[in-house]
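*Asks:* Sharing work.cif (mmCIF, C-alpha atoms and all ligand atoms) below.
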data_start
#
loop_
_atom_site.label_atom_id
_atom_site.label_comp_id
_atom_site.auth_asym_id
_atom_site.auth_seq_id
_atom_site.Cartn_x
_atom_site.Cartn_y
_atom_site.Cartn_z
CA MET J 22 -15.16 -163.29 -225.11
CA LYS J 23 -17.04 -163.46 -221.84
CA ILE J 24 -20.71 -163.42 -222.77
CA ILE J 25 -23.76 -163.30 -220.49
CA ILE J 26 -27.13 -164.37 -221.88
CA ALA J 27 -30.22 -163.13 -220.04
CA GLY J 28 -32.90 -165.79 -220.55
CA GLY J 29 -32.62 -169.58 -220.75
CA GLY J 30 -35.52 -170.09 -223.16
CA ILE J 31 -35.31 -171.65 -226.60
CA GLY J 32 -33.31 -168.70 -228.01
CA GLY J 33 -30.95 -168.25 -225.06
CA LEU J 34 -30.01 -171.93 -224.83
CA CYS J 35 -29.47 -172.31 -228.57
CA THR J 36 -27.28 -169.20 -228.60
CA ALA J 37 -25.29 -170.47 -225.62
CA ILE J 38 -24.56 -173.74 -227.48
CA SER J 39 -23.57 -171.95 -230.66
CA LEU J 40 -21.26 -169.43 -228.91
CA SER J 41 -19.70 -172.08 -226.68
CA LEU J 42 -18.88 -174.23 -229.71
CA ASP J 43 -17.14 -171.16 -231.13
CA GLY J 44 -14.90 -170.90 -228.08
CA HIS J 45 -16.59 -168.12 -226.08
CA GLU J 46 -17.00 -168.27 -222.31
CA VAL J 47 -20.76 -168.14 -221.90
CA ARG J 48 -23.04 -167.83 -218.89
CA VAL J 49 -26.84 -168.16 -219.09
CA LEU J 50 -29.01 -166.51 -216.42
CA GLU J 51 -32.59 -167.75 -216.26
CA GLN J 52 -35.09 -166.17 -213.88
CA ALA J 53 -37.23 -169.28 -213.39
CA PRO J 54 -36.25 -171.61 -210.54
CA GLU J 55 -35.99 -174.44 -213.08
CA ILE J 56 -35.45 -174.58 -216.78
CA GLY J 57 -38.65 -175.58 -218.57
CA GLU J 58 -41.21 -174.85 -221.24
CA VAL J 59 -44.96 -174.78 -221.45
CA GLY J 60 -46.45 -178.22 -222.23
CA ALA J 61 -47.34 -177.43 -225.83
CA GLY J 62 -46.09 -178.08 -229.33
CA VAL J 63 -43.67 -176.31 -231.61
CA GLN J 64 -43.08 -176.88 -235.30
CA ILE J 65 -39.52 -176.73 -236.55
CA SER J 66 -39.24 -176.14 -240.27
CA SER J 67 -36.22 -177.22 -242.34
CA ASN J 68 -34.34 -173.94 -241.78
CA GLY J 69 -34.47 -174.66 -238.04
CA THR J 70 -33.81 -178.41 -238.22
CA LYS J 71 -30.60 -177.73 -240.17
CA ILE J 72 -29.36 -175.48 -237.38
CA LEU J 73 -30.21 -177.97 -234.62
CA GLN J 74 -28.43 -180.63 -236.64
CA ASN J 75 -25.29 -178.51 -237.04
CA LEU J 76 -25.24 -177.63 -233.34
CA GLY J 77 -25.47 -181.29 -232.37
CA VAL J 78 -28.92 -180.97 -230.76
CA MET J 79 -30.89 -183.23 -233.11
CA SER J 80 -29.60 -186.58 -231.86
CA GLY J 81 -30.92 -185.82 -228.35
CA LEU J 82 -34.24 -184.61 -229.75
CA GLU J 83 -34.83 -187.51 -232.15
CA PRO J 84 -37.00 -189.72 -229.84
CA ALA J 85 -39.31 -186.75 -229.26
CA VAL J 86 -40.07 -185.62 -232.79
CA PHE J 87 -42.88 -186.35 -235.22
CA GLU J 88 -42.42 -185.90 -238.95
CA PRO J 89 -45.75 -184.92 -240.50
CA ASP J 90 -46.87 -186.26 -243.87
CA ALA J 91 -47.94 -182.84 -245.08
CA ILE J 92 -49.03 -179.31 -244.35
CA GLU J 93 -52.73 -178.94 -245.05
CA MET J 94 -55.59 -176.54 -244.53
CA ARG J 95 -59.16 -177.51 -243.70
CA MET J 96 -62.29 -175.52 -242.98
CA GLY J 97 -62.75 -175.50 -239.23
CA ASN J 98 -66.50 -176.03 -239.19
CA SER J 99 -66.87 -178.72 -241.87
CA GLY J 100 -63.41 -180.28 -241.91
CA ARG J 101 -63.41 -179.87 -245.73
CA GLN J 102 -59.88 -179.89 -247.09
CA VAL J 103 -58.72 -176.64 -248.73
CA PHE J 104 -55.23 -177.74 -249.75
CA TYR J 105 -52.74 -180.54 -248.99
CA LEU J 106 -49.02 -180.19 -249.54
CA PRO J 107 -46.84 -183.29 -248.95
CA MET J 108 -43.81 -182.55 -246.74
CA LYS J 109 -42.29 -185.90 -245.78
CA ASP J 110 -39.39 -186.65 -248.16
CA VAL J 111 -40.03 -183.35 -249.96
CA ALA J 112 -38.64 -181.16 -247.17
CA THR J 113 -35.23 -182.85 -247.06
CA LYS J 114 -34.89 -183.02 -250.84
CA ARG J 115 -36.00 -179.47 -251.43
CA TRP J 116 -34.86 -177.56 -248.35
CA GLY J 117 -32.06 -179.68 -246.91
CA ASP J 118 -33.67 -181.22 -243.80
CA ARG J 119 -36.93 -182.43 -242.27
CA HIS J 120 -39.95 -180.42 -241.17
CA LEU J 121 -40.69 -181.56 -237.62
CA GLN J 122 -43.22 -181.29 -234.81
CA VAL J 123 -41.89 -181.35 -231.26
CA PHE J 124 -43.12 -181.17 -227.65
CA ARG J 125 -41.63 -177.96 -226.19
CA PRO J 126 -40.41 -179.49 -222.92
CA ASP J 127 -38.52 -182.09 -225.01
CA LEU J 128 -36.92 -179.35 -227.13
CA ILE J 129 -35.80 -177.31 -224.13
CA GLU J 130 -34.44 -180.46 -222.46
CA ALA J 131 -32.50 -181.42 -225.61
CA LEU J 132 -31.02 -177.89 -225.75
CA ARG J 133 -30.19 -177.94 -222.03
CA ALA J 134 -28.56 -181.37 -222.28
CA ARG J 135 -26.49 -180.35 -225.30
CA LEU J 136 -25.34 -177.16 -223.56
CA GLU J 137 -24.31 -179.20 -220.55
CA VAL J 138 -22.11 -181.30 -222.85
CA VAL J 139 -20.46 -178.41 -224.72
CA ALA J 140 -20.17 -176.07 -221.70
CA PRO J 141 -20.92 -177.80 -218.39
CA GLY J 142 -22.36 -175.76 -215.53
CA VAL J 143 -22.88 -172.46 -217.40
CA LEU J 144 -26.63 -172.28 -216.80
CA THR J 145 -27.82 -170.60 -213.59
CA THR J 146 -31.54 -170.70 -212.72
CA GLY J 147 -33.30 -168.42 -210.25
CA ALA J 148 -31.19 -165.52 -211.58
CA ARG J 149 -33.26 -162.55 -212.69
CA VAL J 150 -31.50 -159.84 -214.68
CA GLN J 151 -32.66 -156.45 -213.48
CA ALA J 152 -30.55 -153.96 -215.44
CA TYR J 153 -27.19 -153.28 -217.02
CA ARG J 154 -24.65 -150.49 -217.31
CA GLN J 155 -21.63 -150.33 -219.56
CA ASN J 156 -18.44 -148.50 -220.39
CA ASP J 157 -15.68 -148.91 -222.97
CA HIS J 158 -14.23 -151.93 -221.20
CA ALA J 159 -17.16 -154.08 -220.09
CA VAL J 160 -20.88 -154.43 -219.47
CA THR J 161 -22.02 -154.93 -215.89
CA VAL J 162 -25.14 -157.06 -215.46
CA ILE J 163 -27.16 -156.37 -212.31
CA LEU J 164 -29.35 -159.17 -210.91
CA SER J 165 -32.46 -158.60 -208.82
CA ASP J 166 -30.64 -159.84 -205.68
CA GLY J 167 -28.02 -157.11 -206.19
CA THR J 168 -25.29 -159.39 -207.60
CA GLU J 169 -23.18 -157.69 -210.28
CA LEU J 170 -21.44 -159.66 -213.04
CA GLN J 171 -19.12 -158.37 -215.73
CA ALA J 172 -18.84 -159.47 -219.35
CA ASP J 173 -17.71 -158.33 -222.79
CA LEU J 174 -21.23 -158.75 -224.15
CA LEU J 175 -24.77 -159.08 -222.75
CA ILE J 176 -27.39 -160.82 -224.91
CA GLY J 177 -31.02 -160.09 -224.05
CA ALA J 178 -32.80 -163.36 -224.92
CA ASP J 179 -35.47 -162.60 -222.34
CA GLY J 180 -38.60 -162.92 -224.44
CA VAL J 181 -41.36 -160.60 -225.64
CA ARG J 182 -41.45 -158.71 -222.32
CA SER J 183 -37.68 -158.24 -222.34
CA ARG J 184 -36.27 -156.15 -219.52
CA ILE J 185 -33.13 -155.58 -221.54
CA ARG J 186 -35.18 -154.18 -224.41
CA SER J 187 -37.10 -151.91 -222.03
CA GLN J 188 -33.88 -150.48 -220.68
CA MET J 189 -32.49 -150.05 -224.20
CA PHE J 190 -35.56 -148.35 -225.66
CA GLY J 191 -37.47 -146.91 -222.71
CA GLY J 192 -41.26 -147.12 -222.76
CA ASP J 193 -41.53 -149.52 -225.69
CA ASN J 194 -44.20 -151.87 -224.30
CA PRO J 195 -45.55 -155.01 -225.95
CA VAL J 196 -48.93 -154.45 -227.58
CA TYR J 197 -51.82 -156.91 -227.50
CA THR J 198 -52.32 -158.21 -231.05
CA GLY J 199 -56.08 -158.72 -230.67
CA ASN J 200 -55.58 -162.51 -230.64
CA THR J 201 -55.50 -165.03 -227.84
CA ALA J 202 -54.24 -168.62 -228.16
CA TRP J 203 -55.83 -171.63 -226.49
CA ARG J 204 -53.38 -174.48 -226.09
CA ALA J 205 -53.91 -178.12 -225.17
CA VAL J 206 -51.99 -181.40 -225.38
CA VAL J 207 -53.85 -184.72 -225.32
CA PRO J 208 -52.60 -188.32 -225.53
CA ALA J 209 -53.47 -189.64 -229.01
CA GLU J 210 -55.01 -192.83 -227.56
CA ARG J 211 -57.83 -190.82 -225.97
CA LEU J 212 -59.10 -189.47 -229.27
CA GLY J 213 -60.15 -192.72 -230.99
CA ASP J 214 -61.46 -192.14 -234.52
CA LEU J 215 -61.47 -188.41 -234.02
CA ILE J 216 -57.69 -188.11 -234.03
CA PRO J 217 -56.47 -185.20 -236.22
CA PRO J 218 -54.59 -186.11 -239.40
CA PRO J 219 -50.82 -186.84 -239.25
CA THR J 220 -50.06 -183.44 -240.77
CA GLY J 221 -49.54 -179.85 -239.72
CA CYS J 222 -53.24 -179.06 -240.12
CA ILE J 223 -54.52 -175.48 -240.15
CA TRP J 224 -58.24 -175.30 -239.45
CA ALA J 225 -59.50 -171.97 -240.84
CA GLY J 226 -62.57 -169.99 -239.83
CA GLU J 227 -63.99 -166.51 -239.53
CA GLY J 228 -62.03 -164.57 -236.90
CA LYS J 229 -60.25 -167.66 -235.60
CA HIS J 230 -58.13 -170.62 -236.61
CA ALA J 231 -56.66 -173.73 -235.05
CA VAL J 232 -53.57 -175.83 -235.71
CA THR J 233 -53.23 -179.52 -234.85
CA THR J 234 -49.91 -181.37 -234.82
CA ARG J 235 -48.49 -184.59 -233.36
CA MET J 236 -45.47 -185.06 -231.11
CA ARG J 237 -43.34 -187.83 -229.59
CA LYS J 238 -43.65 -190.16 -232.57
CA GLY J 239 -47.39 -189.47 -232.63
CA GLN J 240 -48.22 -190.32 -229.01
CA LEU J 241 -49.28 -186.74 -228.17
CA ILE J 242 -51.63 -184.42 -230.02
CA ASN J 243 -51.11 -180.67 -229.84
CA PHE J 244 -53.90 -178.12 -230.32
CA VAL J 245 -53.53 -174.36 -230.67
CA GLY J 246 -56.70 -172.35 -231.19
CA ILE J 247 -56.28 -168.66 -231.96
CA VAL J 248 -59.25 -166.37 -231.56
CA GLU J 249 -59.73 -162.66 -232.23
CA THR J 250 -60.93 -161.38 -228.89
CA PRO J 251 -60.42 -158.53 -226.42
CA ASN J 252 -57.43 -159.12 -224.16
CA PRO J 253 -58.60 -161.57 -221.46
CA LEU J 254 -56.00 -160.08 -219.10
CA HIS J 255 -57.98 -156.79 -219.36
CA ASP J 256 -55.40 -154.49 -217.84
CA ASP J 257 -52.24 -155.90 -219.45
CA GLN J 258 -51.15 -157.14 -216.06
CA PRO J 259 -49.40 -160.48 -215.79
CA GLY J 260 -51.82 -163.35 -215.31
CA GLN J 261 -51.14 -166.70 -213.79
CA ASP J 262 -47.65 -168.07 -214.48
CA GLY J 263 -46.43 -164.92 -216.19
CA TRP J 264 -48.92 -164.12 -218.91
CA ARG J 265 -51.00 -167.23 -219.43
CA GLN J 266 -54.47 -167.33 -218.00
CA ALA J 267 -56.46 -170.27 -216.75
CA GLY J 268 -59.62 -170.87 -218.79
CA THR J 269 -62.25 -173.56 -218.90
CA GLN J 270 -63.19 -176.19 -221.44
CA ALA J 271 -66.61 -174.51 -221.64
CA GLN J 272 -64.95 -171.23 -222.70
CA ALA J 273 -62.82 -173.00 -225.30
CA LEU J 274 -65.92 -174.80 -226.58
CA GLN J 275 -67.68 -171.45 -226.92
CA ASP J 276 -64.91 -170.54 -229.35
CA PHE J 277 -64.54 -173.89 -231.14
CA GLY J 278 -67.47 -176.10 -230.05
CA ASN J 279 -69.41 -175.81 -233.32
CA TRP J 280 -66.35 -176.80 -235.36
CA SER J 281 -65.37 -180.21 -236.66
CA PRO J 282 -65.86 -182.91 -233.96
CA VAL J 283 -62.10 -183.55 -234.26
CA ILE J 284 -61.51 -180.17 -232.60
CA SER J 285 -64.24 -180.40 -229.95
CA ARG J 286 -63.05 -183.91 -229.01
CA ILE J 287 -59.55 -182.57 -228.27
CA ILE J 288 -60.99 -179.81 -226.09
CA ASN J 289 -63.28 -182.26 -224.28
CA GLU J 290 -60.29 -184.52 -223.52
CA ALA J 291 -57.94 -181.67 -222.61
CA GLY J 292 -58.50 -181.30 -218.87
CA ASP J 293 -57.13 -177.96 -217.66
CA MET J 294 -57.22 -175.30 -220.35
CA PHE J 295 -54.98 -172.24 -220.57
CA ARG J 296 -54.90 -169.33 -222.96
CA TRP J 297 -52.16 -166.93 -223.94
CA PRO J 298 -52.95 -163.40 -225.07
CA LEU J 299 -50.53 -162.81 -227.96
CA PHE J 300 -48.40 -159.68 -227.74
CA GLY J 301 -46.28 -158.08 -230.44
CA ARG J 302 -43.91 -155.20 -230.98
CA ALA J 303 -43.08 -153.06 -233.99
CA PRO J 304 -39.76 -153.71 -235.78
CA LEU J 305 -36.84 -151.80 -234.29
CA ALA J 306 -34.27 -149.58 -236.04
CA ARG J 307 -31.48 -151.41 -234.16
CA TRP J 308 -31.16 -154.38 -231.81
CA SER J 309 -28.10 -153.33 -229.89
CA ASP J 310 -26.59 -150.65 -227.72
CA GLY J 311 -22.80 -150.93 -227.45
CA ARG J 312 -22.09 -154.20 -225.65
CA VAL J 313 -25.76 -155.21 -225.29
CA VAL J 314 -27.77 -156.95 -228.00
CA LEU J 315 -31.27 -158.47 -228.33
CA LEU J 316 -32.19 -161.87 -229.75
CA GLY J 317 -35.32 -163.96 -230.37
CA ASP J 318 -38.69 -162.64 -229.20
CA ALA J 319 -36.95 -159.80 -227.36
CA ALA J 320 -35.86 -158.45 -230.75
CA HIS J 321 -38.67 -159.51 -233.12
CA PRO J 322 -41.74 -161.20 -231.59
CA MET J 323 -44.15 -162.54 -234.19
CA LEU J 324 -47.60 -164.09 -234.40
CA PRO J 325 -47.35 -167.89 -234.45
CA SER J 326 -49.12 -168.18 -237.84
CA MET J 327 -45.91 -169.09 -239.72
CA ALA J 328 -44.59 -171.24 -236.83
CA GLN J 329 -41.27 -169.37 -237.02
CA GLY J 330 -40.60 -167.55 -233.71
CA ALA J 331 -38.39 -170.25 -232.21
CA VAL J 332 -36.77 -171.01 -235.55
CA ALA J 333 -35.99 -167.30 -236.02
CA ALA J 334 -34.26 -167.35 -232.63
CA PHE J 335 -32.11 -170.29 -233.86
CA GLU J 336 -31.22 -168.23 -236.92
CA ASP J 337 -30.31 -165.26 -234.73
CA ALA J 338 -28.04 -167.53 -232.70
CA VAL J 339 -25.92 -168.64 -235.63
CA VAL J 340 -25.80 -165.24 -237.34
CA LEU J 341 -24.72 -163.55 -234.11
CA THR J 342 -22.09 -166.24 -233.55
CA ARG J 343 -20.72 -165.62 -237.03
CA ALA J 344 -20.63 -161.84 -236.49
CA LEU J 345 -18.68 -162.26 -233.23
CA ARG J 346 -16.07 -164.62 -234.70
CA ASN J 347 -12.42 -163.47 -234.26
CA ILE J 348 -13.24 -159.83 -233.54
CA GLY J 349 -11.42 -159.30 -230.23
CA SER J 350 -13.30 -157.69 -227.34
CA SER J 351 -12.85 -153.94 -227.67
CA GLY J 352 -16.01 -151.87 -227.28
CA ASP J 353 -15.90 -150.71 -230.91
CA ALA J 354 -15.38 -154.23 -232.25
CA VAL J 355 -18.25 -155.67 -230.20
CA ALA J 356 -20.61 -152.83 -231.18
CA ALA J 357 -19.67 -153.23 -234.86
CA ALA J 358 -20.27 -157.01 -234.72
CA CYS J 359 -23.70 -156.44 -233.16
CA SER J 360 -24.55 -154.05 -236.00
CA THR J 361 -23.42 -156.63 -238.55
CA TYR J 362 -25.70 -159.20 -236.90
CA PHE J 363 -28.62 -156.75 -237.05
CA ASN J 364 -27.94 -155.88 -240.70
CA ASP J 365 -27.75 -159.56 -241.62
CA ARG J 366 -31.00 -160.41 -239.82
CA ILE J 367 -33.38 -157.46 -239.94
CA GLU J 368 -34.77 -157.89 -243.45
CA ARG J 369 -35.53 -161.60 -243.03
CA ALA J 370 -36.86 -161.27 -239.47
CA THR J 371 -39.16 -158.40 -240.47
CA LYS J 372 -40.40 -160.31 -243.50
CA VAL J 373 -41.28 -163.32 -241.34
CA GLN J 374 -43.10 -161.02 -238.89
CA GLU J 375 -45.09 -159.51 -241.77
CA VAL J 376 -45.92 -162.80 -243.47
CA SER J 377 -47.01 -164.25 -240.12
CA ALA J 378 -49.47 -161.36 -239.69
CA GLN J 379 -50.72 -161.76 -243.29
CA ASN J 380 -51.20 -165.51 -242.79
CA LEU J 381 -53.34 -164.88 -239.74
CA GLN J 382 -55.56 -162.55 -241.79
CA LEU J 383 -55.84 -165.22 -244.49
CA PHE J 384 -56.77 -167.99 -242.03
CA HIS J 385 -59.39 -165.71 -240.40
CA THR J 386 -60.95 -164.38 -243.64
CA PRO J 387 -64.76 -164.13 -243.37
CA SER J 388 -66.76 -166.27 -245.78
CA GLY J 389 -67.48 -164.54 -249.08
CA ALA J 390 -66.01 -164.03 -252.50
CA LYS J 391 -62.52 -163.11 -251.28
CA ARG J 392 -62.17 -166.25 -249.18
CA SER J 393 -63.72 -168.51 -251.82
CA PHE J 394 -61.28 -167.19 -254.41
CA SER J 395 -58.07 -167.44 -252.38
CA PHE J 396 -58.91 -170.84 -250.85
CA ALA J 397 -59.98 -172.24 -254.25
CA ALA J 398 -56.71 -170.98 -255.79
CA ALA J 399 -54.67 -172.65 -253.03
CA GLY J 400 -56.67 -175.88 -253.43
CA LEU J 401 -56.14 -175.98 -257.20
CA ALA J 402 -52.44 -175.19 -256.86
CA GLY J 403 -52.00 -177.90 -254.20
CA ARG J 404 -53.71 -180.44 -256.48
CA PHE J 405 -52.38 -179.62 -259.91
CA LEU J 406 -49.35 -177.35 -259.47
CA PRO J 407 -47.89 -177.96 -256.00
CA GLU J 408 -44.64 -176.44 -257.26
CA ILE J 409 -46.31 -173.01 -256.95
CA LEU J 410 -46.97 -173.60 -253.25
CA TYR J 411 -43.55 -175.12 -252.55
CA ARG J 412 -41.91 -172.12 -254.19
CA ARG J 413 -43.65 -169.82 -251.73
CA TYR J 414 -41.72 -171.49 -248.92
CA ASP J 415 -38.30 -171.69 -250.62
CA TRP J 416 -36.97 -168.35 -249.28
CA LEU J 417 -37.89 -169.38 -245.75
CA TYR J 418 -37.31 -173.10 -245.36
CA GLY J 419 -34.50 -173.36 -247.93
CA ALA J 420 -32.30 -170.68 -246.38
CA GLU J 421 -28.86 -171.62 -245.09
CA VAL J 422 -28.41 -168.82 -242.60
C1 LIG C 1 -49.23 -170.29 -229.40
C2 LIG C 1 -47.82 -170.21 -229.92
C3 LIG C 1 -47.37 -171.15 -230.85
C4 LIG C 1 -46.06 -171.06 -231.36
N1 LIG C 1 -45.65 -171.99 -232.28
C5 LIG C 1 -44.40 -171.91 -232.79
C6 LIG C 1 -43.94 -172.87 -233.75
O1 LIG C 1 -44.67 -173.81 -234.10
N2 LIG C 1 -42.67 -172.73 -234.26
C7 LIG C 1 -41.84 -171.71 -233.86
O2 LIG C 1 -40.70 -171.64 -234.36
N3 LIG C 1 -42.25 -170.80 -232.95
C8 LIG C 1 -43.49 -170.87 -232.41
N4 LIG C 1 -43.90 -169.95 -231.48
C9 LIG C 1 -42.98 -168.87 -231.08
C10 LIG C 1 -41.94 -169.33 -230.06
O3 LIG C 1 -42.56 -169.96 -228.97
C11 LIG C 1 -41.15 -168.11 -229.55
O4 LIG C 1 -40.77 -167.31 -230.64
C12 LIG C 1 -39.92 -168.58 -228.82
O5 LIG C 1 -40.27 -169.30 -227.65
C13 LIG C 1 -39.04 -167.38 -228.44
O6 LIG C 1 -37.95 -167.83 -227.71
P1 LIG C 1 -37.12 -166.81 -226.82
O7 LIG C 1 -36.04 -167.63 -226.20
O8 LIG C 1 -36.75 -165.61 -227.62
O9 LIG C 1 -38.12 -166.29 -225.71
P2 LIG C 1 -38.86 -167.11 -224.57
O10 LIG C 1 -39.20 -168.47 -225.03
O11 LIG C 1 -39.96 -166.22 -224.08
O12 LIG C 1 -37.75 -167.25 -223.42
C14 LIG C 1 -37.34 -166.16 -222.66
C15 LIG C 1 -36.70 -166.70 -221.39
O13 LIG C 1 -36.14 -165.60 -220.66
C16 LIG C 1 -36.48 -165.72 -219.29
N5 LIG C 1 -36.44 -164.37 -218.74
C17 LIG C 1 -37.32 -163.35 -218.97
N6 LIG C 1 -36.93 -162.24 -218.30
C18 LIG C 1 -35.78 -162.56 -217.66
C19 LIG C 1 -34.89 -161.81 -216.83
N7 LIG C 1 -35.14 -160.53 -216.54
N8 LIG C 1 -33.79 -162.43 -216.33
C20 LIG C 1 -33.53 -163.75 -216.63
N9 LIG C 1 -34.36 -164.50 -217.41
C21 LIG C 1 -35.45 -163.90 -217.93
C22 LIG C 1 -37.86 -166.35 -219.30
O14 LIG C 1 -38.17 -166.96 -218.08
C23 LIG C 1 -37.71 -167.34 -220.44
O15 LIG C 1 -37.19 -168.57 -220.01
C24 LIG C 1 -45.20 -170.01 -230.94
C25 LIG C 1 -45.65 -169.09 -229.99
C26 LIG C 1 -46.94 -169.19 -229.48
C27 LIG C 1 -47.40 -168.18 -228.48
#
Let's see the structure in the file written out as structure tokens.
Ligand SMILES: Cc1cc2nc3c(=O)[nH]c(=O)nc-3n(C[C@H](O)[C@H](O)[C@H](O)COP(=O)(O)OP(=O)(O)OC[C@H]3O[C@@H](n4cnc5c(N)ncnc54)[C@H](O)[C@@H]3O)c2cc1C

*Replies:*
Amino acid sequence: MKIIIAGGGIGGLCTAISLSLDGHEVRVLEQAPEIGEVGAGVQISSNGTKILQNLGVMSGLEPAVFEPDAIEMRMGNSGRQVFYLPMKDVATKRWGDRHLQVFRPDLIEALRARLEVVAPGVLTTGARVQAYRQNDHAVTVILSDGTELQADLLIGADGVRSRIRSQMFGGDNPVYTGNTAWRAVVPAERLGDLIPPPTGCIWAGEGKHAVTTRMRKGQLINFVGIVETPNPLHDDQPGQDGWRQAGTQAQALQDFGNWSPVISRIINEAGDMFRWPLFGRAPLARWSDGRVVLLGDAAHPMLPSMAQGAVAAFEDAVVLTRALRNIGSSGDAVAAACSTYFNDRIERATKVQEVSAQNLQLFHTPSGAKRSFSFAAAGLAGRFLPEILYRRYDWLYGAEV
């Protein structure tokens, strides 16, 4: 089939690789003048690493990854450890591949490079998809400069503020989740003794949490600090560079300054600070309309508290590829394949959205009996019965989508 993908982000590029390997003629249209990603970290759990491995992306990504010793939780203010769950060695044995931490620009570059190998020249930048129309025979994709392109299928991989989704469902706008994420990346050598542990470390606190990870074999430290706060963009209008907003170290220190010195040291060394108001959308009853289908954040945006949004987009890519295999290109066949993809994905994607929201509540629990009980239970399980904690991840990390 001839397939156009709107959006050359993590989901769009992965889908383009997967579909090209299956023999489809793919074209990716990315609105930005250059392909790129925000200078921040992303965790890729085993269910995602397996997909990148199968698509031939991992070898290009290898020099950029960091494999953490464990996932752990600490109290943000004191640094006291709540639980510690070893991951190195365990992840491959239990779930089939490694749990990794990666610098986003490295991931997008590895995806871009792999796509260029499997389907040279199919990525066009500076191409903004404005709208679509369709009939029984084809979908016509209309770009903002008036260009019209025809295809058998249009995939909307255009992120949480998807234009394709807006056209499909009318006034379904993203909703501010009440949380805003600070992000910073700092060279490890600048942190001295106050370097965060070589783990995926969740720092929990009342109404906020942070996550520290390492990237590029440990040379870079990634910080995400999520705070419950009114939307800093006030009027839901795009801020600088789309939806991120410039902030100051002083503002970030207001949020995290009285926490462990490990956290304040990162902020002090971070230079320019930016924050991202986090937007969400309710689950949909369908992800497609005839020859047009949604994927990744356009279909199911989620809070980052399970570190699964990008990985879920990888899963979408392979499930959609499978649904489109050997179906011909009639309107009915394409629509039916898109429904199959939705049916195969909706339960899992919705569950990950829900668990991500629950995790955020857990990390942000105010001090008191409830928090003491749940954190003590996790601590005891991690120490004496780690199997209980590992089992909680089996459905997610162990899946072979
Ligand atoms: C703070 C934070 C931490 C996170 N951590 C993790 C993590 O550890 N692990 C994980 O798996 N996920 C994580 N995520 C989620 C992950 O970043 C997203 O789920 C993922 O980037 C979604 O990919 P996507 O391709 O669907 O959308 P996007 O990455 O938003 O890409 C969409 C692309 O479409 C382009 N585009 C938009 N409109 C148009 C148009 N009209 N025409 C053409 N192009 C267009 C955009 O420019 C962009 O390149 C995190 C998210 C946040 C905010």

*Asks:* Just want the 9 Å neighbourhood of segment 24-34 of chain J, counted on all atoms listed in the file, with same-chain residues fewer than 2 positions away dropped. Output as a ChimeraX atom specification.

*Replies:* /J:22,36-40,45-53,56-58,125,128-129,132-133,136,144-146,148-150,162,170-180,185,316-318,331-335,337-338

*Asks:* How many Å lie between atom O2 of ligand LIG 1 (chain C) and atom CA of Asn289 of chain J, rounded to one decimal?

*Replies:*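 Value for the atom O2 of ligand LIG 1 (chain C)-atom CA of Asn289 of chain J distance: 26.9 Å.
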
*Asks:* Using only C-alpha atoms, can you tell me which of J:Gln379, J:Gln329, J:Ser281, J:Gln155 comes closest to Thr70 of chain J?

*Replies:*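 Checking each of J:Gln379, J:Gln329, J:Ser281, J:Gln155 against Thr70 of chain J, counting only C-alpha atoms, the winner is J:Gln329.
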
*Asks:* Could you work out an axis-aligned bounding box for all listed atoms of segment 120-136 of chain J, with 6 Å added on each of the six sides, and give its centre and edge lengths in Å to one decimal, as JSON?

*Replies:*
{"center_x": -34.3, "center_y": -179.6, "center_z": -231.6, "size_x": 29.9, "size_y": 16.9, "size_z": 31.1}

*Asks:* Find the residues near Asn279 of chain J: any atom within 10 Å, counting all atoms listed in the file, skip ones fewer than 3 places away on the same chain, and give them as a PyMOL selection string.

*Replies:* chain J and resi 97-99+274-276+282+284-285

*Asks:* Which is closest to ligand LIG 1 (chain C) among J:Pro387, J:Gly292, J:Gly191, J:Pro322, if we use all atoms listed in the file?

*Replies:*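 Going through J:Pro387, J:Gly292, J:Gly191, J:Pro322 one by one, the smallest distance to ligand LIG 1 (chain C) is for J:Pro322.
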
*Asks:* Report, in Å to a single decimal, how far apart atom CA of Ala205 of chain J and atom C26 of ligand LIG 1 (chain C) are.

*Replies:*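 Atom-to-atom, atom C26 of ligand LIG 1 (chain C) and atom CA of Ala205 of chain J are spaced 12.1 Å apart.
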
*Asks:* Considering all atoms listed in the file, state which residue in the set J:Val339, J:Ala134, J:Leu305, J:Ala319 is at the smallest distance from ligand LIG 1 (chain C).

*Replies:*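 When distances to ligand LIG 1 (chain C) are compared using all atoms listed in the file, the smallest one comes from J:Ala319.
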
*Asks:* Between J:Gly81, J:Gly352, J:Gly199, J:Gly60, which is the closest to Met294 of chain J once you count all atoms listed in the file?

*Replies:*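 Comparing J:Gly81, J:Gly352, J:Gly199, J:Gly60 against Met294 of chain J, the winner is J:Gly60.
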
*Asks:* Smallest atom-to-atom distance to Lys372 of chain J: which of J:Cys35, J:His321, J:Ser80, J:Arg135, using all atoms listed in the file?

*Replies:* J:His321

*Asks:* Rounded to one decimal, what separation in Å do you get between atom CA of Ile223 of chain J and atom O15 of ligand LIG 1 (chain C)?

*Replies:* 27.5 Å

*Asks:* Any idea what's packed within 8 Å of Pro107 of chain J, counting only C-alpha atoms, ignoring anything in its chain fewer than 2 positions away? Could you give it as a list in words?

*Replies:* Asp90, Ala91, Ile92, Tyr105, Lys109 and Val111 of chain J

*Asks:* Considering only C-alpha atoms and all ligand atoms, can you say which of J:Ser41, J:Asn68, J:Gln240, J:Ser183 comes closest to ligand LIG 1 (chain C)?

*Replies:*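 Looking only at the distances to ligand LIG 1 (chain C), the closest residue turns out to be J:Ser183.
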